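File shown here: input.cif, holding mmCIF, C-alpha atoms and all ligand atoms.
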```
data_upload
loop_
_atom_site.group_PDB
_atom_site.id
_atom_site.type_symbol
_atom_site.label_atom_id
_atom_site.label_comp_id
_atom_site.auth_asym_id
_atom_site.auth_seq_id
_atom_site.Cartn_x
_atom_site.Cartn_y
_atom_site.Cartn_z
ATOM 1 C CA MET A 1 142.547 94.058 -98.774
ATOM 2 C CA ASN A 2 145.688 92.794 -97.019
ATOM 3 C CA LEU A 3 146.156 94.756 -93.840
ATOM 4 C CA LEU A 4 148.572 94.794 -90.944
ATOM 5 C CA LEU A 5 147.899 96.306 -87.496
ATOM 6 C CA ILE A 6 150.953 97.331 -85.495
ATOM 7 C CA GLY A 7 150.992 98.869 -82.046
ATOM 8 C CA PRO A 8 152.167 98.425 -78.481
ATOM 9 C CA PRO A 9 150.406 95.941 -76.179
ATOM 10 C CA GLY A 10 147.023 97.402 -75.233
ATOM 11 C CA ALA A 11 146.856 99.915 -78.101
ATOM 12 C CA GLY A 12 143.607 98.313 -79.280
ATOM 13 C CA LYS A 13 144.811 96.145 -82.178
ATOM 14 C CA GLY A 14 142.532 93.231 -81.294
ATOM 15 C CA THR A 15 139.539 95.487 -80.626
ATOM 16 C CA GLN A 16 139.944 97.343 -83.909
ATOM 17 C CA ALA A 17 140.724 94.190 -85.906
ATOM 18 C CA GLU A 18 137.374 92.718 -84.850
ATOM 19 C CA ARG A 19 135.531 95.838 -86.025
ATOM 20 C CA LEU A 20 137.438 95.884 -89.324
ATOM 21 C CA ARG A 21 136.656 92.194 -89.789
ATOM 22 C CA GLU A 22 132.956 93.011 -89.668
ATOM 23 C CA ARG A 23 133.307 96.101 -91.822
ATOM 24 C CA PHE A 24 135.350 94.440 -94.593
ATOM 25 C CA GLN A 25 134.250 90.797 -94.150
ATOM 26 C CA ILE A 26 137.812 89.469 -94.124
ATOM 27 C CA PRO A 27 139.367 87.340 -91.359
ATOM 28 C CA HIS A 28 141.212 88.673 -88.324
ATOM 29 C CA LEU A 29 144.396 86.702 -87.722
ATOM 30 C CA SER A 30 145.862 87.182 -84.252
ATOM 31 C CA VAL A 31 149.048 85.314 -83.428
ATOM 32 C CA GLY A 32 148.413 85.966 -79.722
ATOM 33 C CA ASP A 33 144.957 84.326 -79.997
ATOM 34 C CA MET A 34 146.415 81.333 -81.886
ATOM 35 C CA LEU A 35 148.994 80.875 -79.129
ATOM 36 C CA ARG A 36 146.408 81.228 -76.343
ATOM 37 C CA GLU A 37 144.279 78.616 -78.108
ATOM 38 C CA ALA A 38 147.263 76.229 -78.076
ATOM 39 C CA VAL A 39 147.740 76.954 -74.358
ATOM 40 C CA LYS A 40 144.062 76.130 -73.737
ATOM 41 C CA ARG A 41 144.353 72.843 -75.637
ATOM 42 C CA GLY A 42 147.454 71.925 -73.609
ATOM 43 C CA THR A 43 149.550 71.030 -76.682
ATOM 44 C CA GLU A 44 153.349 70.968 -76.639
ATOM 45 C CA LEU A 45 153.337 74.338 -78.415
ATOM 46 C CA GLY A 46 150.852 75.599 -75.821
ATOM 47 C CA ARG A 47 153.108 74.643 -72.906
ATOM 48 C CA MET A 48 156.060 76.415 -74.478
ATOM 49 C CA ALA A 49 153.935 79.434 -75.435
ATOM 50 C CA ALA A 50 152.574 79.787 -71.888
ATOM 51 C CA GLU A 51 156.092 80.006 -70.444
ATOM 52 C CA VAL A 52 157.370 82.523 -72.991
ATOM 53 C CA MET A 53 154.211 84.677 -72.972
ATOM 54 C CA ASN A 54 154.161 84.815 -69.184
ATOM 55 C CA ARG A 55 157.651 86.310 -69.299
ATOM 56 C CA GLY A 56 156.467 88.908 -71.834
ATOM 57 C CA GLU A 57 158.956 87.674 -74.449
ATOM 58 C CA LEU A 58 158.502 86.655 -78.089
ATOM 59 C CA LEU A 59 158.219 83.079 -79.335
ATOM 60 C CA PRO A 60 160.815 81.842 -81.873
ATOM 61 C CA ASP A 61 160.549 83.580 -85.258
ATOM 62 C CA ASP A 62 160.514 80.316 -87.284
ATOM 63 C CA LEU A 63 157.657 78.903 -85.276
ATOM 64 C CA VAL A 64 155.356 81.919 -85.602
ATOM 65 C CA GLY A 65 156.379 82.339 -89.260
ATOM 66 C CA GLU A 66 155.174 78.788 -89.964
ATOM 67 C CA MET A 67 151.878 79.433 -88.153
ATOM 68 C CA VAL A 68 151.216 82.608 -90.138
ATOM 69 C CA ALA A 69 152.197 81.074 -93.506
ATOM 70 C CA ARG A 70 149.858 78.133 -92.918
ATOM 71 C CA ARG A 71 146.963 80.339 -91.800
ATOM 72 C CA LEU A 72 147.362 82.737 -94.728
ATOM 73 C CA SER A 73 147.134 79.876 -97.208
ATOM 74 C CA GLU A 74 143.638 78.926 -95.964
ATOM 75 C CA ALA A 75 140.691 79.624 -98.250
ATOM 76 C CA ASP A 76 139.061 82.353 -96.130
ATOM 77 C CA CYS A 77 142.155 84.560 -96.557
ATOM 78 C CA GLU A 78 141.828 84.646 -100.351
ATOM 79 C CA ARG A 79 139.916 87.943 -100.316
ATOM 80 C CA GLY A 80 142.279 89.469 -97.792
ATOM 81 C CA PHE A 81 143.226 89.498 -94.108
ATOM 82 C CA ILE A 82 143.770 91.660 -91.051
ATOM 83 C CA LEU A 83 146.968 90.517 -89.389
ATOM 84 C CA ASP A 84 147.371 91.544 -85.737
ATOM 85 C CA GLY A 85 150.584 90.829 -83.842
ATOM 86 C CA TYR A 86 152.846 89.768 -86.700
ATOM 87 C CA PRO A 87 155.538 90.685 -87.681
ATOM 88 C CA ARG A 88 157.111 91.885 -84.414
ATOM 89 C CA ASN A 89 160.774 92.194 -85.367
ATOM 90 C CA ARG A 90 162.961 92.623 -88.447
ATOM 91 C CA SER A 91 163.507 88.911 -88.977
ATOM 92 C CA GLN A 92 159.722 88.300 -88.906
ATOM 93 C CA ALA A 93 159.163 91.220 -91.300
ATOM 94 C CA ASP A 94 161.617 89.693 -93.801
ATOM 95 C CA ARG A 95 159.954 86.298 -93.437
ATOM 96 C CA PHE A 96 156.537 87.895 -93.905
ATOM 97 C CA ASP A 97 157.705 89.575 -97.125
ATOM 98 C CA ALA A 98 158.880 86.157 -98.345
ATOM 99 C CA ILE A 99 155.574 84.485 -97.392
ATOM 100 C CA LEU A 100 153.598 87.106 -99.330
ATOM 101 C CA ALA A 101 155.903 86.862 -102.354
ATOM 102 C CA ALA A 102 155.559 83.059 -102.384
ATOM 103 C CA GLN A 103 151.757 83.454 -102.320
ATOM 104 C CA ARG A 104 151.909 86.186 -105.030
ATOM 105 C CA ARG A 105 150.284 88.755 -102.770
ATOM 106 C CA LYS A 106 151.203 92.167 -101.484
ATOM 107 C CA LEU A 107 150.524 94.119 -98.342
ATOM 108 C CA ASP A 108 148.148 97.034 -98.997
ATOM 109 C CA ARG A 109 148.540 98.896 -95.731
ATOM 110 C CA ALA A 110 150.248 98.802 -92.340
ATOM 111 C CA VAL A 111 148.284 100.735 -89.710
ATOM 112 C CA ALA A 112 150.231 101.719 -86.603
ATOM 113 C CA ILE A 113 148.171 102.629 -83.508
ATOM 114 C CA ARG A 114 149.971 105.080 -81.210
ATOM 115 C CA MET A 115 149.388 105.315 -77.433
ATOM 116 C CA ALA A 116 151.178 106.753 -74.394
ATOM 117 C CA LEU A 117 152.738 104.325 -71.920
ATOM 118 C CA VAL A 118 150.667 105.338 -68.896
ATOM 119 C CA GLU A 119 147.380 104.748 -70.734
ATOM 120 C CA LEU A 120 148.576 101.327 -71.937
ATOM 121 C CA LEU A 121 149.348 100.208 -68.389
ATOM 122 C CA THR A 122 145.852 101.157 -67.203
ATOM 123 C CA ARG A 123 144.202 99.434 -70.153
ATOM 124 C CA LEU A 124 146.118 96.198 -69.738
ATOM 125 C CA THR A 125 146.178 95.778 -65.982
ATOM 126 C CA GLY A 126 142.400 96.466 -65.890
ATOM 127 C CA ARG A 127 141.526 94.095 -68.754
ATOM 128 C CA ARG A 128 139.425 91.035 -67.929
ATOM 129 C CA VAL A 129 138.450 88.282 -70.362
ATOM 130 C CA CYS A 130 135.561 85.808 -70.059
ATOM 131 C CA SER A 131 136.855 82.262 -69.605
ATOM 132 C CA GLY A 132 133.688 80.992 -71.310
ATOM 133 C CA CYS A 133 133.013 83.054 -74.449
ATOM 134 C CA GLY A 134 136.156 85.236 -74.639
ATOM 135 C CA ALA A 135 134.242 88.551 -74.325
ATOM 136 C CA GLY A 136 136.452 91.440 -73.228
ATOM 137 C CA TYR A 137 135.849 93.717 -70.213
ATOM 138 C CA HIS A 138 137.739 96.375 -68.310
ATOM 139 C CA LEU A 139 137.564 97.051 -64.564
ATOM 140 C CA PHE A 140 136.951 100.792 -65.111
ATOM 141 C CA ASN A 141 136.269 101.410 -68.825
ATOM 142 C CA ARG A 142 133.878 98.509 -69.399
ATOM 143 C CA PRO A 143 132.897 96.747 -66.167
ATOM 144 C CA SER A 144 130.545 93.774 -66.181
ATOM 145 C CA ARG A 145 127.172 94.235 -64.425
ATOM 146 C CA LYS A 146 128.154 91.732 -61.727
ATOM 147 C CA GLU A 147 131.790 91.786 -60.613
ATOM 148 C CA GLY A 148 133.822 88.912 -62.059
ATOM 149 C CA VAL A 149 130.913 87.486 -64.089
ATOM 150 C CA CYS A 150 130.388 87.749 -67.865
ATOM 151 C CA ASP A 151 127.206 89.645 -68.866
ATOM 152 C CA ALA A 152 126.842 87.537 -72.006
ATOM 153 C CA CYS A 153 127.320 83.947 -70.793
ATOM 154 C CA GLY A 154 127.761 84.044 -67.002
ATOM 155 C CA GLY A 155 131.357 82.762 -67.343
ATOM 156 C CA GLN A 156 134.117 83.736 -64.925
ATOM 157 C CA LEU A 157 136.138 86.842 -65.823
ATOM 158 C CA LEU A 158 139.886 86.322 -65.593
ATOM 159 C CA GLN A 159 143.003 88.442 -65.949
ATOM 160 C CA ARG A 160 145.374 87.322 -68.718
ATOM 161 C CA MET A 161 148.571 85.961 -67.127
ATOM 162 C CA ASP A 162 150.628 88.400 -69.181
ATOM 163 C CA ASP A 163 148.545 91.417 -68.066
ATOM 164 C CA ARG A 164 150.248 91.510 -64.653
ATOM 165 C CA GLU A 165 152.105 94.814 -64.318
ATOM 166 C CA GLU A 166 155.665 93.418 -64.321
ATOM 167 C CA VAL A 167 154.948 91.366 -67.467
ATOM 168 C CA VAL A 168 153.221 94.300 -69.167
ATOM 169 C CA ARG A 169 156.335 96.410 -68.578
ATOM 170 C CA GLU A 170 158.507 93.750 -70.247
ATOM 171 C CA ARG A 171 156.072 93.465 -73.208
ATOM 172 C CA LEU A 172 156.289 97.230 -73.655
ATOM 173 C CA ARG A 173 160.102 97.079 -73.577
ATOM 174 C CA VAL A 174 160.067 94.310 -76.215
ATOM 175 C CA TYR A 175 157.736 96.414 -78.377
ATOM 176 C CA GLU A 176 159.965 99.485 -78.176
ATOM 177 C CA ARG A 177 163.149 97.561 -78.899
ATOM 178 C CA GLN A 178 161.993 95.098 -81.535
ATOM 179 C CA THR A 179 158.659 96.092 -83.083
ATOM 180 C CA GLN A 180 158.630 99.881 -83.188
ATOM 181 C CA PRO A 181 161.635 99.990 -85.577
ATOM 182 C CA LEU A 182 159.463 98.137 -88.132
ATOM 183 C CA LEU A 183 157.426 101.293 -88.671
ATOM 184 C CA GLU A 184 160.348 102.613 -90.708
ATOM 185 C CA HIS A 185 160.283 99.441 -92.851
ATOM 186 C CA TYR A 186 156.688 100.203 -93.915
ATOM 187 C CA ARG A 187 157.088 103.987 -93.983
ATOM 188 C CA LYS A 188 159.841 103.630 -96.582
ATOM 189 C CA ARG A 189 157.415 101.674 -98.762
ATOM 190 C CA ASN A 190 154.786 104.365 -98.422
ATOM 191 C CA ILE A 191 152.189 101.993 -96.977
ATOM 192 C CA LEU A 192 152.246 103.141 -93.340
ATOM 193 C CA SER A 193 149.354 105.023 -91.703
ATOM 194 C CA GLU A 194 149.880 106.228 -88.126
ATOM 195 C CA ILE A 195 146.722 106.573 -86.048
ATOM 196 C CA ASP A 196 146.142 108.104 -82.618
ATOM 197 C CA GLY A 197 144.786 105.289 -80.383
ATOM 198 C CA VAL A 198 143.369 107.617 -77.709
ATOM 199 C CA GLY A 199 139.606 108.101 -77.660
ATOM 200 C CA ARG A 200 136.486 105.971 -77.859
ATOM 201 C CA VAL A 201 136.690 102.698 -79.782
ATOM 202 C CA GLU A 202 134.385 104.156 -82.477
ATOM 203 C CA GLU A 203 136.578 107.239 -82.845
ATOM 204 C CA VAL A 204 139.722 105.160 -83.343
ATOM 205 C CA GLU A 205 137.870 102.955 -85.825
ATOM 206 C CA ALA A 206 136.789 106.028 -87.799
ATOM 207 C CA ARG A 207 140.415 107.218 -87.979
ATOM 208 C CA ILE A 208 141.527 103.852 -89.322
ATOM 209 C CA ALA A 209 138.679 103.707 -91.823
ATOM 210 C CA ALA A 210 139.564 107.213 -93.032
ATOM 211 C CA ALA A 211 143.208 106.227 -93.487
ATOM 212 C CA LEU A 212 142.213 103.080 -95.380
ATOM 213 C CA GLY A 213 139.697 104.996 -97.481
ATOM 214 C CA ARG A 214 142.464 107.242 -98.649
ATOM 215 C CA ALA A 215 144.916 104.406 -99.129
ATOM 216 C CA VAL A 216 142.927 101.496 -100.539
ATOM 217 C CA ARG A 217 140.308 101.493 -103.247
HETATM 218 P P1 LIG B 301 149.072 89.492 -78.192
HETATM 219 O O1 LIG B 301 147.932 88.737 -77.687
HETATM 220 O O2 LIG B 301 149.130 89.843 -79.633
HETATM 221 O O3 LIG B 301 149.241 90.763 -77.257
HETATM 222 P P2 LIG B 301 149.732 92.243 -77.547
HETATM 223 O O4 LIG B 301 150.280 92.570 -78.871
HETATM 224 O O5 LIG B 301 150.620 92.521 -76.402
HETATM 225 O O6 LIG B 301 148.401 93.015 -77.574
HETATM 226 P P3 LIG B 301 147.157 92.910 -76.642
HETATM 227 O O7 LIG B 301 146.266 91.799 -77.095
HETATM 228 O O8 LIG B 301 147.539 92.922 -75.194
HETATM 229 O O9 LIG B 301 146.541 94.342 -76.907
HETATM 230 P P4 LIG B 301 145.788 94.927 -78.171
HETATM 231 O O10 LIG B 301 146.625 95.982 -78.831
HETATM 232 O O11 LIG B 301 145.241 93.846 -79.049
HETATM 233 O O12 LIG B 301 144.648 95.684 -77.410
HETATM 234 P P5 LIG B 301 143.153 95.234 -77.123
HETATM 235 O O13 LIG B 301 142.314 95.519 -78.312
HETATM 236 O O14 LIG B 301 143.123 93.859 -76.550
HETATM 237 O O15 LIG B 301 150.448 88.705 -77.878
HETATM 238 C C1 LIG B 301 150.663 88.124 -76.611
HETATM 239 C C2 LIG B 301 151.995 87.400 -76.582
HETATM 240 O O16 LIG B 301 152.026 86.382 -77.603
HETATM 241 C C3 LIG B 301 153.243 88.244 -76.866
HETATM 242 O O17 LIG B 301 153.677 88.937 -75.712
HETATM 243 C C4 LIG B 301 154.225 87.138 -77.306
HETATM 244 O O18 LIG B 301 154.712 86.407 -76.193
HETATM 245 C C5 LIG B 301 153.336 86.214 -78.126
HETATM 246 N N1 LIG B 301 153.340 86.631 -79.540
HETATM 247 C C6 LIG B 301 152.320 87.210 -80.216
HETATM 248 N N2 LIG B 301 152.692 87.485 -81.478
HETATM 249 C C7 LIG B 301 153.966 87.053 -81.623
HETATM 250 C C8 LIG B 301 154.915 87.084 -82.683
HETATM 251 N N3 LIG B 301 154.626 87.619 -83.888
HETATM 252 N N4 LIG B 301 156.152 86.569 -82.464
HETATM 253 C C9 LIG B 301 156.469 86.019 -81.268
HETATM 254 N N5 LIG B 301 155.632 85.975 -80.212
HETATM 255 C C10 LIG B 301 154.382 86.493 -80.378
HETATM 256 O O19 LIG B 301 142.779 96.291 -75.993
HETATM 257 C C11 LIG B 301 143.390 96.263 -74.719
HETATM 258 C C12 LIG B 301 142.376 96.711 -73.642
HETATM 259 O O20 LIG B 301 141.996 98.076 -73.894
HETATM 260 C C13 LIG B 301 141.053 95.921 -73.652
HETATM 261 O O21 LIG B 301 140.607 95.809 -72.325
HETATM 262 C C14 LIG B 301 140.097 96.778 -74.501
HETATM 263 O O22 LIG B 301 138.752 96.561 -74.151
HETATM 264 C C15 LIG B 301 140.576 98.168 -74.134
HETATM 265 N N6 LIG B 301 140.400 99.128 -75.232
HETATM 266 C C16 LIG B 301 140.671 98.950 -76.561
HETATM 267 N N7 LIG B 301 140.427 100.077 -77.240
HETATM 268 C C17 LIG B 301 140.002 100.996 -76.319
HETATM 269 C C18 LIG B 301 139.611 102.367 -76.403
HETATM 270 N N8 LIG B 301 139.601 103.043 -77.566
HETATM 271 N N9 LIG B 301 139.275 103.005 -75.255
HETATM 272 C C19 LIG B 301 139.284 102.350 -74.051
HETATM 273 N N10 LIG B 301 139.634 101.048 -73.914
HETATM 274 C C20 LIG B 301 139.993 100.399 -75.034
#
```

What is this structure when it is put down as structure tokens?
Amino acid sequence: MNLLLIGPPGAGKGTQAERLRERFQIPHLSVGDMLREAVKRGTELGRMAAEVMNRGELLPDDLVGEMVARRLSEADCERGFILDGYPRNRSQADRFDAILAAQRRKLDRAVAIRMALVELLTRLTGRRVCSGCGAGYHLFNRPSRKEGVCDACGGQLLQRMDDREEVVRERLRVYERQTQPLLEHYRKRNILSEIDGVGRVEEVEARIAAALGRAVR
């Protein structure tokens, strides 16, 4: 199954992609995670990515297109993929169509997760991530047992640089202006499922699974 997750920052794309990865045993490809990995390694790409991400803007379309094309051609994607965070604008959507055509594949489903702005702000500004193992926490929804310390590995919990409120607001503006219009692109092809992102993680997952059950055999 070739699957796309679309949604505003904080809608739960990464959380749901991880659950779908386990359920369907296909890889979760997150452009945001690939970029953060480059930042961690301190590569040239990482330095550029850090600057752009910390402003809440998008990296150049060609650059992310190359990253996605390369990743999709790896062996573990042969049985399918869950793509989270790409495409994010019309130019990326056209490039993505071309990448799939070149690899003789097609997209089975685009799942859009809907959420209200106020809820997104709370989710993102309260998010904390373990600097050691990458486990996710939330100040109110999923606090660690000891403040600032990961339950799993004892690592320090940090706020993502782009989860500061002023950056979150810019990321939301970018989503509304550039990414949301893509829903129409997939709706016209009859492969769009729109899911309510409010509720427990398991409830949202069940909605997605139901939509996929109807859409993909
Ligand atoms: P990226 O890392 O992809 O960030 P994003 O799309 O803004 O999404 P997030 O990771 O913030 O949120 P999410 O929807 O995955 O939610 P999550 O599951 O984490 O991209 C970052 C940056 O990289 C971009 O701004 C851009 O600069 C660059 N970039 C990425 N892709 C690019 C592209 N294609 N082109 C150019 N540049 C690109 O959940 C959020 C929080 O809510 C967590 O704390 C979680 O625990 C909690 N949560 C999740 N579900 C629930 C629930 N049901 N109930 C309560 N809490 C929940």

Which residues match the PyMOL selection byres (((chain A and resi 17) around 9) and not hetatm) in the file above, as a ChimeraX atom specification?
-> /A:5,12-16,18-22,27-30,82-84

Between chain A and ligand LIG 301 (chain B), at 7 Å or less, what are the per-residue closest atom pairs and their distances in Å? Count all atoms listed in the file, order by chain and rising residue number, and return it as CSV.
```
residue,atom,partner,partner_atom,distance
A:Gly7,CA,B:LIG301,O10,6.1
A:Pro8,CA,B:LIG301,O10,6.1
A:Pro9,CA,B:LIG301,O5,3.4
A:Gly10,CA,B:LIG301,O9,3.5
A:Ala11,CA,B:LIG301,O10,4.0
A:Gly12,CA,B:LIG301,O13,3.2
A:Lys13,CA,B:LIG301,O10,3.8
A:Gly14,CA,B:LIG301,O11,3.6
A:Thr15,CA,B:LIG301,O13,3.6
A:Gln16,CA,B:LIG301,O13,6.3
A:Ser30,CA,B:LIG301,O2,6.3
A:Val31,CA,B:LIG301,N2,4.7
A:Gly32,CA,B:LIG301,O1,3.5
A:Asp33,CA,B:LIG301,O1,5.8
A:Leu35,CA,B:LIG301,O16,6.5
A:Val52,CA,B:LIG301,O18,5.7
A:Met53,CA,B:LIG301,O18,3.7
A:Gly56,CA,B:LIG301,O17,4.8
A:Glu57,CA,B:LIG301,O18,4.8
A:Leu58,CA,B:LIG301,N5,3.6
A:Leu59,CA,B:LIG301,C9,3.9
A:Pro60,CA,B:LIG301,C9,6.1
A:Asp61,CA,B:LIG301,N4,6.0
A:Val64,CA,B:LIG301,N4,5.7
A:Asp84,CA,B:LIG301,O2,6.6
A:Gly85,CA,B:LIG301,O2,4.6
A:Tyr86,CA,B:LIG301,N3,4.0
A:Pro87,CA,B:LIG301,N3,5.0
A:Arg88,CA,B:LIG301,N3,5.0
A:Arg123,CA,B:LIG301,O20,4.6
A:Leu124,CA,B:LIG301,C12,5.4
A:Gly126,CA,B:LIG301,O21,6.7
A:Arg127,CA,B:LIG301,O21,4.1
A:Arg128,CA,B:LIG301,O21,6.6
A:Gly136,CA,B:LIG301,O22,5.7
A:Tyr137,CA,B:LIG301,O21,5.6
A:His138,CA,B:LIG301,O21,5.0
A:Asn141,CA,B:LIG301,C19,6.1
A:Arg171,CA,B:LIG301,O17,5.7
A:Gly197,CA,B:LIG301,N8,6.3
A:Val198,CA,B:LIG301,N8,5.9
A:Gly199,CA,B:LIG301,N8,5.1
A:Arg200,CA,B:LIG301,N8,4.3
A:Val201,CA,B:LIG301,N8,3.7
A:Val204,CA,B:LIG301,N8,6.2
```

Put those residues in a file: C-alpha atoms, as a short mmCIF file (atom, residue, chain, number, x, y, z; two decimals), keeping the file's coordinate frame.
```cif
data_model
loop_
_atom_site.label_atom_id
_atom_site.label_comp_id
_atom_site.auth_asym_id
_atom_site.auth_seq_id
_atom_site.Cartn_x
_atom_site.Cartn_y
_atom_site.Cartn_z
CA GLY A 7 150.99 98.87 -82.05
CA PRO A 8 152.17 98.42 -78.48
CA PRO A 9 150.41 95.94 -76.18
CA GLY A 10 147.02 97.40 -75.23
CA ALA A 11 146.86 99.92 -78.10
CA GLY A 12 143.61 98.31 -79.28
CA LYS A 13 144.81 96.14 -82.18
CA GLY A 14 142.53 93.23 -81.29
CA THR A 15 139.54 95.49 -80.63
CA GLN A 16 139.94 97.34 -83.91
CA SER A 30 145.86 87.18 -84.25
CA VAL A 31 149.05 85.31 -83.43
CA GLY A 32 148.41 85.97 -79.72
CA ASP A 33 144.96 84.33 -80.00
CA LEU A 35 148.99 80.88 -79.13
CA VAL A 52 157.37 82.52 -72.99
CA MET A 53 154.21 84.68 -72.97
CA GLY A 56 156.47 88.91 -71.83
CA GLU A 57 158.96 87.67 -74.45
CA LEU A 58 158.50 86.66 -78.09
CA LEU A 59 158.22 83.08 -79.33
CA PRO A 60 160.82 81.84 -81.87
CA ASP A 61 160.55 83.58 -85.26
CA VAL A 64 155.36 81.92 -85.60
CA ASP A 84 147.37 91.54 -85.74
CA GLY A 85 150.58 90.83 -83.84
CA TYR A 86 152.85 89.77 -86.70
CA PRO A 87 155.54 90.68 -87.68
CA ARG A 88 157.11 91.88 -84.41
CA ARG A 123 144.20 99.43 -70.15
CA LEU A 124 146.12 96.20 -69.74
CA GLY A 126 142.40 96.47 -65.89
CA ARG A 127 141.53 94.10 -68.75
CA ARG A 128 139.43 91.04 -67.93
CA GLY A 136 136.45 91.44 -73.23
CA TYR A 137 135.85 93.72 -70.21
CA HIS A 138 137.74 96.38 -68.31
CA ASN A 141 136.27 101.41 -68.82
CA ARG A 171 156.07 93.46 -73.21
CA GLY A 197 144.79 105.29 -80.38
CA VAL A 198 143.37 107.62 -77.71
CA GLY A 199 139.61 108.10 -77.66
CA ARG A 200 136.49 105.97 -77.86
CA VAL A 201 136.69 102.70 -79.78
CA VAL A 204 139.72 105.16 -83.34
#
```

Suppose you want the space between atom CA of Asn2 of chain A and atom CA of Arg109 of chain A; what is it in Å?
->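 Distance reported for this atom pair: 6.9 Å.
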
For each of A:Lys106, A:Arg90, A:Arg142, A:Arg169, take the minimum atom-to-atom distance to Ile191 of chain A, counting only C-alpha atoms, then give the residue where this is smallest.
-> A:Lys106

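Going from atom CA of Ala102 of chain A over to atom CA of Gly213 of chain A, you cover 27.5 Å.
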
Explicit residue set for the PyMOL selection byres (((chain A and resi 132) around 8) and not hetatm), as a list in words |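 On this input, the PyMOL selection byres (((chain A and resi 132) around 8) and not hetatm) captures Cys130, Ser131, Cys133, Gly134, Cys153, Gly154, Gly155 and Gln156 of chain A.
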
So which one's closest to Asn89 of chain A, A:Gly46, A:Pro143, A:Pro181, A:Gly65? Using all atoms listed in the file, please.
->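 Between A:Gly46, A:Pro143, A:Pro181, A:Gly65, the residue approaching Asn89 of chain A most closely is A:Pro181.
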
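The space separating atom CA of Arg207 of chain A from atom CA of Glu184 of chain A comes to 20.6 Å.
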
Nearest-residue call for Ile99 of chain A, choices A:Arg71, A:Lys188, A:Arg164, A:Arg177, using all atoms listed in the file = A:Arg71

Go through A:Leu72, A:Val149, A:Ile6, A:Met1 one by one, measure the shortest atom-to-atom distance of each to Arg23 of chain A using all atoms listed in the file, and give the residue with the smallest value.
->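 The answer is A:Met1, which sits nearest to Arg23 of chain A.
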
Report as a PDB file with C-alpha atoms, in the frame of the given file the residues that result from applying the PyMOL selection byres (((chain A and resi 212) around 12) and not hetatm) to the structure here.
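The new file result_1.pdb reads:
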```pdb
ATOM      1  CA  MET A   1     142.547  94.058 -98.774  1.00  0.00           C
ATOM      2  CA  ASN A   2     145.688  92.794 -97.019  1.00  0.00           C
ATOM      3  CA  LEU A   3     146.156  94.756 -93.840  1.00  0.00           C
ATOM      4  CA  LEU A   4     148.572  94.794 -90.944  1.00  0.00           C
ATOM      5  CA  LEU A   5     147.899  96.306 -87.496  1.00  0.00           C
ATOM      6  CA  LEU A  20     137.438  95.884 -89.324  1.00  0.00           C
ATOM      7  CA  ARG A  23     133.307  96.101 -91.822  1.00  0.00           C
ATOM      8  CA  PHE A  24     135.350  94.440 -94.593  1.00  0.00           C
ATOM      9  CA  ASP A 108     148.148  97.034 -98.997  1.00  0.00           C
ATOM     10  CA  ARG A 109     148.540  98.896 -95.731  1.00  0.00           C
ATOM     11  CA  ALA A 110     150.248  98.802 -92.340  1.00  0.00           C
ATOM     12  CA  VAL A 111     148.284 100.735 -89.710  1.00  0.00           C
ATOM     13  CA  ALA A 112     150.231 101.719 -86.603  1.00  0.00           C
ATOM     14  CA  ILE A 191     152.189 101.993 -96.977  1.00  0.00           C
ATOM     15  CA  LEU A 192     152.246 103.141 -93.340  1.00  0.00           C
ATOM     16  CA  SER A 193     149.354 105.023 -91.703  1.00  0.00           C
ATOM     17  CA  GLU A 194     149.880 106.228 -88.126  1.00  0.00           C
ATOM     18  CA  ILE A 195     146.722 106.573 -86.048  1.00  0.00           C
ATOM     19  CA  GLU A 205     137.870 102.955 -85.825  1.00  0.00           C
ATOM     20  CA  ALA A 206     136.789 106.028 -87.799  1.00  0.00           C
ATOM     21  CA  ARG A 207     140.415 107.218 -87.979  1.00  0.00           C
ATOM     22  CA  ILE A 208     141.527 103.852 -89.322  1.00  0.00           C
ATOM     23  CA  ALA A 209     138.679 103.707 -91.823  1.00  0.00           C
ATOM     24  CA  ALA A 210     139.564 107.213 -93.032  1.00  0.00           C
ATOM     25  CA  ALA A 211     143.208 106.227 -93.487  1.00  0.00           C
ATOM     26  CA  GLY A 213     139.697 104.996 -97.481  1.00  0.00           C
ATOM     27  CA  ARG A 214     142.464 107.242 -98.649  1.00  0.00           C
ATOM     28  CA  ALA A 215     144.916 104.406 -99.129  1.00  0.00           C
ATOM     29  CA  VAL A 216     142.927 101.496-100.539  1.00  0.00           C
ATOM     30  CA  ARG A 217     140.308 101.493-103.247  1.00  0.00           C
TER      31      ARG A 217
END
```
